[in-house]
$ cat upload.txt   # compact mmCIF, C-alpha atoms
# COMPACT_ATOMS: atom_id res chain seq x y z
CA MET A 1 0.00 0.00 0.00
CA ALA A 2 1.30 3.41 -0.91
CA VAL A 3 1.92 5.95 1.80
CA LYS A 4 1.12 9.61 1.28
CA GLY A 5 4.20 11.35 -0.02
CA GLN A 6 5.90 8.08 -0.96
CA LYS A 7 8.06 8.24 -4.06
CA PHE A 8 8.28 5.35 -6.49
CA HIS A 9 11.43 4.57 -8.41
CA HIS A 10 11.21 3.47 -12.03
CA TYR A 11 14.10 1.44 -13.33
CA PRO A 12 14.79 1.16 -17.06
CA GLU A 13 14.81 -2.18 -18.80
CA SER A 14 18.60 -2.08 -19.08
CA VAL A 15 18.97 -2.00 -15.27
CA LYS A 16 16.54 -4.91 -14.88
CA ARG A 17 18.37 -6.97 -17.50
CA GLU A 18 21.73 -6.26 -15.88
CA ALA A 19 20.44 -7.19 -12.43
CA ILE A 20 19.10 -10.50 -13.74
CA ARG A 21 22.30 -11.18 -15.69
CA LEU A 22 24.47 -10.54 -12.64
CA HIS A 23 22.40 -12.93 -10.55
CA VAL A 24 21.99 -15.70 -13.14
CA GLU A 25 25.35 -15.65 -14.91
CA GLU A 26 27.72 -14.13 -12.36
CA LYS A 27 25.99 -15.58 -9.25
CA TRP A 28 25.98 -12.22 -7.42
CA PRO A 29 23.82 -12.04 -4.28
CA TYR A 30 20.88 -9.65 -4.32
CA ARG A 31 22.48 -7.27 -1.82
CA GLU A 32 25.56 -6.76 -4.00
CA ILE A 33 23.42 -6.23 -7.09
CA THR A 34 21.37 -3.53 -5.39
CA GLU A 35 24.49 -1.75 -4.14
CA HIS A 36 26.25 -1.98 -7.51
CA LEU A 37 23.27 -0.73 -9.55
CA GLY A 38 21.95 1.78 -7.01
CA ILE A 39 18.62 0.02 -6.49
CA HIS A 40 16.99 1.11 -3.24
CA ASP A 41 15.12 -2.11 -2.43
CA THR A 42 16.62 -5.62 -2.36
CA GLY A 43 13.12 -7.05 -2.67
CA ARG A 44 12.75 -5.36 -6.05
CA VAL A 45 15.49 -7.53 -7.58
CA LYS A 46 13.92 -10.64 -6.04
CA LYS A 47 10.59 -9.72 -7.68
CA TRP A 48 12.29 -9.22 -11.04
CA MET A 49 13.98 -12.61 -10.70
CA ARG A 50 10.73 -14.36 -9.79
CA LYS A 51 8.95 -12.83 -12.77
CA TYR A 52 11.89 -13.69 -15.03
CA ARG A 53 11.79 -17.34 -13.90
CA GLU A 54 8.03 -17.49 -14.50
CA GLU A 55 7.84 -15.59 -17.79
CA GLY A 56 11.34 -15.61 -19.26
CA GLU A 57 12.22 -12.86 -21.71
CA ARG A 58 8.54 -11.85 -21.97
CA VAL A 59 8.95 -10.05 -18.65
CA PHE A 60 10.68 -7.22 -20.54
CA GLU A 61 7.86 -6.71 -23.04
CA ASP A 62 5.65 -3.71 -22.24

$ encode --input "upload.txt" --output "structure tokens"
Amino acid sequence: MAVKGQKFHHYPESVKREAIRLHVEEKWPYREITEHLGIHDTGRVKKWMRKYREEGERVFED
């Protein structure tokens, strides 16, 4: 649930792809990925990974 005054961060497709690549190919832990790419929420990368495992490359289609 959104909180009044809360700001949402939008991450471009390139950041999402890089986060997934780092985790899948390079075996980086989520914490290191978020620090390296400047993502504010570790859970965000976990959500991207779950969707990627479920949907594959279709996850990047808008």

$ residues_around --input "upload.txt" --residues "region 1-14 of chain A" --least-positions-apart "6" --cutoff "9 Å" --atoms "all atoms listed in the file" --output "number ranges by chain"
A: 39-40, 60

$ atom_distance --input "upload.txt" --atom1 "CA of Gly56 (chain A)" --atom2 "CA of Gly38 (chain A)"
23.8 Å

$ atom_distance --input "upload.txt" --atom1 "CA of His36 (chain A)" --atom2 "CA of Val24 (chain A)"
15.4 Å

$ atom_distance --input "upload.txt" --atom1 "CA of Ala19 (chain A)" --atom2 "CA of Arg58 (chain A)"
15.9 Å

$ closest_residue --input "upload.txt" --among "A:Lys47, A:Tyr52, A:Glu35, A:Asp41" --to "Arg21 (chain A)" --atoms "all atoms listed in the file"
A:Tyr52

$ residues_around --input "upload.txt" --residues "Gly43 (chain A)" --least-positions-apart "3" --cutoff "12 Å" --atoms "all atoms listed in the file" --output "VMD selection string"
chain A and resid 29 to 31 33 to 34 39 to 40 46 to 50

$ axis_aligned_box --input "upload.txt" --around "region 44-50 of chain A" --padding-each-side "4 Å" --output "AutoDock Vina command-line options"
--center_x 13.0 --center_y -9.9 --center_z -8.5 --size_x 12.9 --size_y 17.0 --size_z 13.0
